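Participant: So here's query18.pdb (PDB, C-alpha atoms).
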```
ATOM      1  CA  MET A 176      94.154  83.654 117.319
ATOM      2  CA  PRO A 177      91.517  81.105 116.306
ATOM      3  CA  THR A 178      92.468  78.478 113.745
ATOM      4  CA  ASN A 179      89.035  77.585 112.347
ATOM      5  CA  ALA A 180      88.393  79.365 109.019
ATOM      6  CA  VAL A 181      84.652  79.798 109.572
ATOM      7  CA  GLU A 182      85.254  81.197 113.068
ATOM      8  CA  CYS A 183      87.759  83.720 111.708
ATOM      9  CA  LEU A 184      85.381  84.719 108.902
ATOM     10  CA  THR A 185      82.595  85.075 111.470
ATOM     11  CA  GLN A 186      84.768  87.395 113.552
ATOM     12  CA  ALA A 187      85.656  89.483 110.493
ATOM     13  CA  ILE A 188      82.004  89.790 109.497
ATOM     14  CA  TYR A 189      80.794  90.517 113.025
ATOM     15  CA  TYR A 190      83.389  93.123 113.938
ATOM     16  CA  GLU A 191      83.671  94.747 110.517
ATOM     17  CA  ALA A 192      80.086  94.626 109.230
ATOM     18  CA  ARG A 193      77.549  93.302 111.763
ATOM     19  CA  ASN A 194      75.219  96.248 111.140
ATOM     20  CA  GLU A 195      75.364  95.874 107.355
ATOM     21  CA  SER A 196      72.980  93.956 105.110
ATOM     22  CA  GLU A 197      73.592  90.262 104.458
ATOM     23  CA  ASP A 198      75.149  91.208 101.102
ATOM     24  CA  GLY A 199      77.451  93.678 102.851
ATOM     25  CA  GLN A 200      78.518  91.024 105.334
ATOM     26  CA  ALA A 201      79.027  88.420 102.602
ATOM     27  CA  ALA A 202      81.182  90.887 100.645
ATOM     28  CA  VAL A 203      83.491  91.328 103.656
ATOM     29  CA  ALA A 204      83.855  87.538 103.830
ATOM     30  CA  GLU A 205      84.578  87.435 100.089
ATOM     31  CA  VAL A 206      87.414  89.943 100.498
ATOM     32  CA  VAL A 207      89.027  87.717 103.139
ATOM     33  CA  ILE A 208      88.665  84.625 100.955
ATOM     34  CA  ASN A 209      89.879  86.497  97.858
ATOM     35  CA  ARG A 210      92.973  87.537  99.789
ATOM     36  CA  SER A 211      93.697  83.947 100.784
ATOM     37  CA  ARG A 212      93.493  82.890  97.126
ATOM     38  CA  SER A 213      95.373  85.844  95.632
ATOM     39  CA  GLY A 214      98.950  84.772  96.331
ATOM     40  CA  GLY A 215      99.757  88.180  97.809
ATOM     41  CA  TYR A 216      98.449  87.410 101.284
ATOM     42  CA  PRO A 217      98.652  84.395 103.575
ATOM     43  CA  ARG A 218      96.793  81.348 102.241
ATOM     44  CA  ASP A 219      95.166  80.574 105.589
ATOM     45  CA  ILE A 220      91.893  82.449 106.295
ATOM     46  CA  CYS A 221      92.775  83.096 109.964
ATOM     47  CA  GLN A 222      96.231  84.353 109.027
ATOM     48  CA  VAL A 223      94.610  86.760 106.554
ATOM     49  CA  VAL A 224      92.227  88.071 109.218
ATOM     50  CA  TYR A 225      94.972  88.477 111.845
ATOM     51  CA  GLN A 226      97.721  89.680 109.474
ATOM     52  CA  ARG A 227      99.773  92.616 110.752
ATOM     53  CA  ASN A 228     102.532  94.671 109.259
ATOM     54  CA  SER A 229     104.967  97.032 110.932
ATOM     55  CA  ARG A 230     102.396  99.819 111.257
ATOM     56  CA  THR A 231      98.938  98.321 111.572
ATOM     57  CA  CYS A 232      96.575  95.375 111.375
ATOM     58  CA  GLN A 233      94.795  94.498 108.144
ATOM     59  CA  PHE A 234      91.464  94.345 109.983
ATOM     60  CA  THR A 235      91.221  96.949 112.740
ATOM     61  CA  PHE A 236      89.247  94.817 115.173
ATOM     62  CA  THR A 237      92.199  92.428 115.565
ATOM     63  CA  CYS A 238      94.347  95.050 117.265
ATOM     64  CA  ASP A 239      92.120  97.813 118.619
ATOM     65  CA  GLY A 240      90.601  95.891 121.523
ATOM     66  CA  ALA A 241      87.160  95.489 119.918
ATOM     67  CA  ILE A 242      87.186  91.776 120.721
ATOM     68  CA  GLY A 243      86.018  91.520 124.304
ATOM     69  CA  ARG A 244      85.302  95.243 124.725
ATOM     70  CA  SER A 245      81.543  94.739 124.869
ATOM     71  CA  PRO A 246      79.203  91.749 125.052
ATOM     72  CA  VAL A 247      78.581  89.952 121.769
ATOM     73  CA  ASP A 248      75.099  90.345 120.301
ATOM     74  CA  MET A 249      74.294  86.638 119.855
ATOM     75  CA  VAL A 250      71.627  87.251 117.187
ATOM     76  CA  LYS A 251      74.087  89.223 115.041
ATOM     77  CA  TRP A 252      76.832  86.680 115.770
ATOM     78  CA  ALA A 253      74.600  83.798 114.605
ATOM     79  CA  ARG A 254      73.780  85.687 111.392
ATOM     80  CA  ALA A 255      77.470  86.449 110.789
ATOM     81  CA  GLU A 256      78.331  82.792 111.385
ATOM     82  CA  ARG A 257      75.668  81.588 108.918
ATOM     83  CA  ILE A 258      76.909  84.031 106.273
ATOM     84  CA  ALA A 259      80.534  83.037 106.921
ATOM     85  CA  ARG A 260      79.697  79.364 106.489
ATOM     86  CA  ASP A 261      77.692  79.998 103.291
ATOM     87  CA  VAL A 262      80.449  82.102 101.704
ATOM     88  CA  TYR A 263      83.225  79.757 102.825
ATOM     89  CA  GLU A 264      81.407  76.691 101.475
ATOM     90  CA  GLY A 265      80.487  78.429  98.202
ATOM     91  CA  ARG A 266      76.736  78.412  98.831
ATOM     92  CA  SER A 267      76.261  82.103  98.168
ATOM     93  CA  GLN A 268      76.454  83.997  94.903
ATOM     94  CA  ALA A 269      79.643  86.005  94.523
ATOM     95  CA  LEU A 270      79.130  89.737  94.893
ATOM     96  CA  LEU A 271      82.684  90.807  94.070
ATOM     97  CA  PRO A 272      85.310  89.826  91.489
ATOM     98  CA  ARG A 273      88.119  87.565  92.724
ATOM     99  CA  GLU A 274      90.630  90.424  92.549
ATOM    100  CA  SER A 275      88.620  92.439  95.073
ATOM    101  CA  VAL A 276      90.865  92.282  98.149
ATOM    102  CA  ASN A 277      90.344  95.699  99.738
ATOM    103  CA  TYR A 278      87.524  97.761 101.191
ATOM    104  CA  HIS A 279      86.940 100.581 103.611
ATOM    105  CA  ALA A 280      84.013 102.316 105.255
ATOM    106  CA  ASN A 281      82.531 105.233 103.325
ATOM    107  CA  TYR A 282      83.328 107.669 106.137
ATOM    108  CA  VAL A 283      87.104 107.302 105.695
ATOM    109  CA  SER A 284      89.282 108.126 102.695
ATOM    110  CA  PRO A 285      92.525 106.125 102.751
ATOM    111  CA  SER A 286      95.272 107.256 100.382
ATOM    112  CA  TRP A 287      95.432 103.795  98.798
ATOM    113  CA  GLY A 288      91.835 104.154  97.555
ATOM    114  CA  ARG A 289      93.019 106.357  94.679
ATOM    115  CA  ARG A 290      95.374 103.616  93.453
ATOM    116  CA  LEU A 291      92.721 100.895  93.182
ATOM    117  CA  ALA A 292      89.817 100.280  90.841
ATOM    118  CA  ARG A 293      86.550 100.836  92.699
ATOM    119  CA  VAL A 294      84.280  97.801  92.217
ATOM    120  CA  ARG A 295      81.116  98.698  94.106
ATOM    121  CA  GLN A 296      79.633 100.033  97.291
ATOM    122  CA  ILE A 297      77.429  97.873  99.490
ATOM    123  CA  GLY A 298      75.983  99.720 102.439
ATOM    124  CA  ALA A 299      78.712 101.652 104.224
ATOM    125  CA  HIS A 300      81.613  99.760 102.590
ATOM    126  CA  ILE A 301      83.395 100.588  99.344
ATOM    127  CA  PHE A 302      85.069  97.585  97.697
ATOM    128  CA  TYR A 303      88.058  97.719  95.365
ATOM    129  CA  GLY A 304      89.594  95.487  92.729
ATOM    130  CA  ALA A 305      93.011  95.445  91.143
ATOM    131  CA  ALA A 306      95.543  98.228  91.450
ATOM    132  CA  LEU A 307      95.275 100.835  88.704
ATOM    133  CA  GLY A 308      98.265 100.744  86.385
ATOM    134  CA  GLY A 309      99.431  97.383  87.742
ATOM    135  CA  GLY A 310     101.233  96.922  91.018
ATOM    136  CA  GLY A 311     100.066  95.451  94.278
ATOM    137  CA  THR A 312      97.320  96.262  96.700
ATOM    138  CA  PRO A 313      97.579  97.564 100.279
ATOM    139  CA  GLY A 314      98.693  94.895 102.717
ATOM    140  CA  SER A 315      99.798  92.557  99.970
ATOM    141  CA  ALA A 316     103.243  91.021  99.916
ATOM    142  CA  THR A 317     103.233  91.467  96.133
ATOM    143  CA  VAL A 318     103.403  95.251  95.960
ATOM    144  CA  ALA A 319     105.176  96.172  92.742
ATOM    145  CA  ALA A 320     108.710  97.456  93.096
ATOM    146  CA  PRO A 321     109.460 100.884  91.658
ATOM    147  CA  PRO A 322     110.900 100.771  88.139
ATOM    148  CA  ARG A 323     114.666 100.277  88.025
ATOM    149  CA  PRO A 324     116.822 102.644  86.002
ATOM    150  CA  GLN A 325     118.345 101.110  82.893
ATOM    151  CA  GLY A 326     122.136 100.777  83.035
ATOM    152  CA  LEU A 327     124.353 102.677  85.438
ATOM    153  CA  MET A 328     123.326 106.074  86.645
ATOM    154  CA  PHE A 329     125.769 108.590  88.048
ATOM    155  CA  VAL A 330     124.507 111.650  89.842
ATOM    156  CA  ARG A 331     126.733 114.552  90.759
ATOM    157  CA  ASN A 332     125.620 116.791  93.551
ATOM    158  CA  ALA A 333     127.784 119.896  93.942
ATOM    159  CA  ALA A 334     126.541 120.630  97.460
ATOM    160  CA  LEU A 335     127.436 117.112  98.620
ATOM    161  CA  ASP A 336     130.839 117.324  96.917
ATOM    162  CA  GLU A 337     131.554 120.607  98.726
ATOM    163  CA  ALA A 338     130.407 119.232 102.101
ATOM    164  CA  PHE A 339     132.581 116.141 101.591
ATOM    165  CA  GLN A 340     135.631 118.272 100.779
ATOM    166  CA  ARG A 341     135.103 120.426 103.914
ATOM    167  CA  ALA A 342     134.704 117.310 106.080
ATOM    168  CA  ARG A 343     137.878 115.790 104.614
ATOM    169  CA  ALA A 344     139.843 118.994 105.219
ATOM    170  CA  ALA A 345     138.562 119.195 108.802
ATOM    171  CA  LEU A 346     139.579 115.574 109.441
ATOM    172  CA  GLN A 347     143.006 116.096 107.896
ATOM    173  CA  GLY A 348     143.486 119.238 109.969
ATOM    174  CA  ALA A 349     142.488 117.361 113.145
ATOM    175  CA  GLU A 350     144.904 114.530 112.309
ATOM    176  CA  ALA A 351     147.725 116.983 111.636
ATOM    177  CA  THR A 352     147.046 118.725 114.950
ATOM    178  CA  GLN A 353     147.093 115.410 116.826
ATOM    179  CA  VAL A 354     150.352 114.327 115.185
ATOM    180  CA  GLY A 355     151.993 117.723 115.918
ATOM    181  CA  THR A 356     151.011 117.749 119.613
ATOM    182  CA  SER A 357     151.791 114.143 120.439
ATOM    183  CA  GLY A 358     155.464 114.541 119.669
ATOM    184  CA  GLN A 359     155.417 111.740 117.163
ATOM    185  CA  PRO A 360     155.701 112.110 113.405
TER     186      PRO A 360
END
```
What would the structure in this file look like if it were written as structure tokens?

Facilitator:
Amino acid sequence: MPTNAVECLTQAIYYEARNESEDGQAAVAEVVINRSRSGGYPRDICQVVYQRNSRTCQFTFTCDGAIGRSPVDMVKWARAERIARDVYEGRSQALLPRESVNYHANYVSPSWGRRLARVRQIGAHIFYGAALGGGGTPGSATVAAPPRPQGLMFVRNAALDEAFQRARAALQGAEATQVGTSGQP
């Protein structure tokens, strides 16, 4: 994993949006930077780009073999690097609100998209803002916990009670059988 923020932003732009407009590429960089500032993701740009959870990577290119699969188009890489530097150094006009920390391509429909406020579409990417109704965003360490019940809650389940009673009787019967056949009380 690289450790230079501009290099990591360049990789994110190149592998996620190299065929998009400059605005589309800058918006991808803004999402990465917004994540690093949000408090719900790592603070380091490279750690944001290479963040993984138990199921997947936050940015697909970091775990699907895209890096190194084919030769890098140096013209597109240079453009991605210029955009990364401009966004990182604050020399470009913001296209997204600071709470915009998620996006996806318009040809996929992730389940989390319904839980987030859609901000705008730039080219083939749809960008999202804060979670609707509060809560966290996908990939964030600050996903809201489900509401806790007030006070103590007791639940009685007749089927479980019956299964427990049968299991107890079977165990007691097995113990009685073992005691009776071993010759000891």

Participant: Could you please determine the separation between atom CA of A:Ile220 and atom CA of A:Ala187 in Å, to one decimal place?

Facilitator: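 Here the two named atoms are 10.3 Å from each other.
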
Participant: Evaluate the PyMOL selection byres ((chain A and resi 278) around 10) against this structure - the residues, as a list in words, please.

Facilitator: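 Matching residues under the PyMOL selection byres ((chain A and resi 278) around 10) are Ala202, Val203, Val206, Ser275, Val276, Asn277, His279, Ala280, Asn281, Pro285, Gly288, Arg293, Val294, Arg295, Gln296, His300, Ile301, Phe302, Tyr303 and Gly304 of chain A.
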
Participant: Print the selection's residues with C-alpha atoms to a file, as a PDB file, in the coordinates of the input.

Facilitator:
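again24.pdb, freshly written:
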```
ATOM      1  CA  ALA A 202      81.182  90.887 100.645  1.00  0.00           C
ATOM      2  CA  VAL A 203      83.491  91.328 103.656  1.00  0.00           C
ATOM      3  CA  VAL A 206      87.414  89.943 100.498  1.00  0.00           C
ATOM      4  CA  SER A 275      88.620  92.439  95.073  1.00  0.00           C
ATOM      5  CA  VAL A 276      90.865  92.282  98.149  1.00  0.00           C
ATOM      6  CA  ASN A 277      90.344  95.699  99.738  1.00  0.00           C
ATOM      7  CA  HIS A 279      86.940 100.581 103.611  1.00  0.00           C
ATOM      8  CA  ALA A 280      84.013 102.316 105.255  1.00  0.00           C
ATOM      9  CA  ASN A 281      82.531 105.233 103.325  1.00  0.00           C
ATOM     10  CA  PRO A 285      92.525 106.125 102.751  1.00  0.00           C
ATOM     11  CA  GLY A 288      91.835 104.154  97.555  1.00  0.00           C
ATOM     12  CA  ARG A 293      86.550 100.836  92.699  1.00  0.00           C
ATOM     13  CA  VAL A 294      84.280  97.801  92.217  1.00  0.00           C
ATOM     14  CA  ARG A 295      81.116  98.698  94.106  1.00  0.00           C
ATOM     15  CA  GLN A 296      79.633 100.033  97.291  1.00  0.00           C
ATOM     16  CA  HIS A 300      81.613  99.760 102.590  1.00  0.00           C
ATOM     17  CA  ILE A 301      83.395 100.588  99.344  1.00  0.00           C
ATOM     18  CA  PHE A 302      85.069  97.585  97.697  1.00  0.00           C
ATOM     19  CA  TYR A 303      88.058  97.719  95.365  1.00  0.00           C
ATOM     20  CA  GLY A 304      89.594  95.487  92.729  1.00  0.00           C
TER      21      GLY A 304
END
```

Participant: Using all atoms listed in the file, give me every residue within 10 Å of (96.5, 90.0, 109.2) in file coordinates, as a ChimeraX atom specification.

Facilitator: /A:207,216-217,220-228,231-235,237-238,314

Participant: Kindly save the residues from that selection, with C-alpha atoms included, as a compact mmCIF listing (two decimals), in the coordinates of the input.

Facilitator:
```txt
# COMPACT_ATOMS: atom_id res chain seq x y z
CA VAL A 207 89.03 87.72 103.14
CA TYR A 216 98.45 87.41 101.28
CA PRO A 217 98.65 84.40 103.58
CA ILE A 220 91.89 82.45 106.30
CA CYS A 221 92.78 83.10 109.96
CA GLN A 222 96.23 84.35 109.03
CA VAL A 223 94.61 86.76 106.55
CA VAL A 224 92.23 88.07 109.22
CA TYR A 225 94.97 88.48 111.84
CA GLN A 226 97.72 89.68 109.47
CA ARG A 227 99.77 92.62 110.75
CA ASN A 228 102.53 94.67 109.26
CA THR A 231 98.94 98.32 111.57
CA CYS A 232 96.58 95.38 111.38
CA GLN A 233 94.80 94.50 108.14
CA PHE A 234 91.46 94.34 109.98
CA THR A 235 91.22 96.95 112.74
CA THR A 237 92.20 92.43 115.56
CA CYS A 238 94.35 95.05 117.26
CA GLY A 314 98.69 94.90 102.72
```

Participant: Could you tell me how far atom CA of A:Glu274 sits from atom CA of A:Glu256, in Å to one decimal place?

Facilitator: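 These two atoms are separated by 23.8 Å.
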
Participant: Can you sort out the box for stretch 290-307 of chain A, edges along x, y and z, all listed atoms in, 5 Å on every side, with centre and edge lengths in Å to one decimal, as JSON?

Facilitator:
```
{"center_x": 85.8, "center_y": 99.5, "center_z": 96.5, "size_x": 29.6, "size_y": 18.2, "size_z": 25.5}
```

Participant: A:Gln186: which residues within 12 Å, counting all atoms listed in the file, same-chain residues fewer than 4 positions away excluded, as a VMD selection string?

Facilitator: chain A and resid 176 to 182 190 to 193 200 203 to 204 207 220 to 221 224 to 225 234 to 237 241 to 243 247 251 to 260

Participant: Only C-alpha atoms, please: the residues just picked out, written as a short mmCIF file (atom, residue, chain, number, x, y, z; two decimals), in the coordinates of the input.

Facilitator:
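Produced file out_4.cif, reproduced below:
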```cif
data_model
loop_
_atom_site.label_atom_id
_atom_site.label_comp_id
_atom_site.auth_asym_id
_atom_site.auth_seq_id
_atom_site.Cartn_x
_atom_site.Cartn_y
_atom_site.Cartn_z
CA MET A 176 94.15 83.65 117.32
CA PRO A 177 91.52 81.10 116.31
CA THR A 178 92.47 78.48 113.74
CA ASN A 179 89.04 77.58 112.35
CA ALA A 180 88.39 79.36 109.02
CA VAL A 181 84.65 79.80 109.57
CA GLU A 182 85.25 81.20 113.07
CA TYR A 190 83.39 93.12 113.94
CA GLU A 191 83.67 94.75 110.52
CA ALA A 192 80.09 94.63 109.23
CA ARG A 193 77.55 93.30 111.76
CA GLN A 200 78.52 91.02 105.33
CA VAL A 203 83.49 91.33 103.66
CA ALA A 204 83.86 87.54 103.83
CA VAL A 207 89.03 87.72 103.14
CA ILE A 220 91.89 82.45 106.30
CA CYS A 221 92.78 83.10 109.96
CA VAL A 224 92.23 88.07 109.22
CA TYR A 225 94.97 88.48 111.84
CA PHE A 234 91.46 94.34 109.98
CA THR A 235 91.22 96.95 112.74
CA PHE A 236 89.25 94.82 115.17
CA THR A 237 92.20 92.43 115.56
CA ALA A 241 87.16 95.49 119.92
CA ILE A 242 87.19 91.78 120.72
CA GLY A 243 86.02 91.52 124.30
CA VAL A 247 78.58 89.95 121.77
CA LYS A 251 74.09 89.22 115.04
CA TRP A 252 76.83 86.68 115.77
CA ALA A 253 74.60 83.80 114.60
CA ARG A 254 73.78 85.69 111.39
CA ALA A 255 77.47 86.45 110.79
CA GLU A 256 78.33 82.79 111.38
CA ARG A 257 75.67 81.59 108.92
CA ILE A 258 76.91 84.03 106.27
CA ALA A 259 80.53 83.04 106.92
CA ARG A 260 79.70 79.36 106.49
#
```

Participant: Atom CA of A:Asn209 and atom CA of A:Glu197, how far apart in Å?

Facilitator: 18.0 Å

Participant: How would stretch 261-272 of chain A read, as an mmCIF file, in the coordinates of the input, once all heavy atoms are built in?

Facilitator:
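The file below, result-v8.cif, is the result:
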```cif
data_model
loop_
_atom_site.group_PDB
_atom_site.id
_atom_site.type_symbol
_atom_site.label_atom_id
_atom_site.label_comp_id
_atom_site.auth_asym_id
_atom_site.auth_seq_id
_atom_site.Cartn_x
_atom_site.Cartn_y
_atom_site.Cartn_z
ATOM 1 N N ASP A 261 78.198 80.024 104.672
ATOM 2 C CA ASP A 261 77.692 79.998 103.291
ATOM 3 C C ASP A 261 78.742 80.481 102.293
ATOM 4 O O ASP A 261 78.938 79.874 101.236
ATOM 5 C CB ASP A 261 76.426 80.849 103.162
ATOM 6 C CG ASP A 261 75.205 80.207 103.795
ATOM 7 O OD1 ASP A 261 75.257 78.999 104.155
ATOM 8 O OD2 ASP A 261 74.182 80.916 103.949
ATOM 9 N N VAL A 262 79.425 81.570 102.614
ATOM 10 C CA VAL A 262 80.449 82.102 101.704
ATOM 11 C C VAL A 262 81.630 81.141 101.640
ATOM 12 O O VAL A 262 82.122 80.815 100.547
ATOM 13 C CB VAL A 262 80.897 83.521 102.130
ATOM 14 C CG1 VAL A 262 82.089 83.984 101.297
ATOM 15 C CG2 VAL A 262 79.739 84.509 102.013
ATOM 16 N N TYR A 263 82.074 80.669 102.777
ATOM 17 C CA TYR A 263 83.225 79.757 102.825
ATOM 18 C C TYR A 263 82.960 78.470 102.043
ATOM 19 O O TYR A 263 83.835 77.970 101.335
ATOM 20 C CB TYR A 263 83.569 79.439 104.275
ATOM 21 C CG TYR A 263 84.774 78.543 104.435
ATOM 22 C CD1 TYR A 263 86.056 79.030 104.188
ATOM 23 C CD2 TYR A 263 84.624 77.215 104.817
ATOM 24 C CE1 TYR A 263 87.167 78.210 104.321
ATOM 25 C CE2 TYR A 263 85.736 76.391 104.958
ATOM 26 C CZ TYR A 263 86.995 76.898 104.709
ATOM 27 O OH TYR A 263 88.092 76.075 104.848
ATOM 28 N N GLU A 264 81.752 77.944 102.151
ATOM 29 C CA GLU A 264 81.407 76.691 101.475
ATOM 30 C C GLU A 264 80.886 76.909 100.062
ATOM 31 O O GLU A 264 80.480 75.955 99.398
ATOM 32 C CB GLU A 264 80.401 75.913 102.326
ATOM 33 C CG GLU A 264 81.013 75.463 103.645
ATOM 34 C CD GLU A 264 80.025 74.798 104.595
ATOM 35 O OE1 GLU A 264 78.812 74.704 104.259
ATOM 36 O OE2 GLU A 264 80.468 74.374 105.681
ATOM 37 N N GLY A 265 80.883 78.147 99.580
ATOM 38 C CA GLY A 265 80.487 78.429 98.202
ATOM 39 C C GLY A 265 78.986 78.359 97.951
ATOM 40 O O GLY A 265 78.565 78.170 96.808
ATOM 41 N N ARG A 266 78.196 78.506 98.981
ATOM 42 C CA ARG A 266 76.736 78.412 98.831
ATOM 43 C C ARG A 266 76.073 79.762 98.578
ATOM 44 O O ARG A 266 74.853 79.840 98.515
ATOM 45 C CB ARG A 266 76.116 77.773 100.073
ATOM 46 C CG ARG A 266 76.444 76.297 100.209
ATOM 47 C CD ARG A 266 75.568 75.623 101.243
ATOM 48 N NE ARG A 266 75.603 76.289 102.533
ATOM 49 C CZ ARG A 266 76.200 75.792 103.612
ATOM 50 N NH1 ARG A 266 76.810 74.631 103.556
ATOM 51 N NH2 ARG A 266 76.184 76.460 104.748
ATOM 52 N N SER A 267 76.848 80.793 98.454
ATOM 53 C CA SER A 267 76.261 82.103 98.168
ATOM 54 C C SER A 267 76.819 82.617 96.844
ATOM 55 O O SER A 267 77.926 82.259 96.442
ATOM 56 C CB SER A 267 76.564 83.096 99.300
ATOM 57 O OG SER A 267 77.944 83.328 99.389
ATOM 58 N N GLN A 268 76.028 83.434 96.183
ATOM 59 C CA GLN A 268 76.454 83.997 94.903
ATOM 60 C C GLN A 268 77.510 85.068 95.148
ATOM 61 O O GLN A 268 77.357 85.914 96.035
ATOM 62 C CB GLN A 268 75.263 84.603 94.176
ATOM 63 C CG GLN A 268 75.669 85.252 92.875
ATOM 64 C CD GLN A 268 74.584 85.162 91.846
ATOM 65 O OE1 GLN A 268 73.627 84.423 92.016
ATOM 66 N NE2 GLN A 268 74.727 85.918 90.784
ATOM 67 N N ALA A 269 78.562 85.023 94.371
ATOM 68 C CA ALA A 269 79.643 86.005 94.523
ATOM 69 C C ALA A 269 79.130 87.406 94.220
ATOM 70 O O ALA A 269 78.398 87.620 93.253
ATOM 71 C CB ALA A 269 80.811 85.654 93.612
ATOM 72 N N LEU A 270 79.526 88.339 95.051
ATOM 73 C CA LEU A 270 79.130 89.737 94.893
ATOM 74 C C LEU A 270 80.266 90.584 94.329
ATOM 75 O O LEU A 270 80.045 91.677 93.833
ATOM 76 C CB LEU A 270 78.715 90.307 96.250
ATOM 77 C CG LEU A 270 77.547 89.588 96.919
ATOM 78 C CD1 LEU A 270 77.456 89.976 98.390
ATOM 79 C CD2 LEU A 270 76.257 89.927 96.193
ATOM 80 N N LEU A 271 81.489 90.068 94.460
ATOM 81 C CA LEU A 271 82.684 90.807 94.070
ATOM 82 C C LEU A 271 83.547 89.956 93.148
ATOM 83 O O LEU A 271 83.540 88.732 93.249
ATOM 84 C CB LEU A 271 83.508 91.165 95.312
ATOM 85 C CG LEU A 271 82.813 91.955 96.420
ATOM 86 C CD1 LEU A 271 83.709 92.021 97.658
ATOM 87 C CD2 LEU A 271 82.455 93.343 95.941
ATOM 88 N N PRO A 272 84.352 90.599 92.291
ATOM 89 C CA PRO A 272 85.310 89.826 91.489
ATOM 90 C C PRO A 272 86.420 89.266 92.380
ATOM 91 O O PRO A 272 86.668 89.790 93.470
ATOM 92 C CB PRO A 272 85.855 90.851 90.497
ATOM 93 C CG PRO A 272 85.595 92.183 91.121
ATOM 94 C CD PRO A 272 84.389 92.023 91.997
#
```
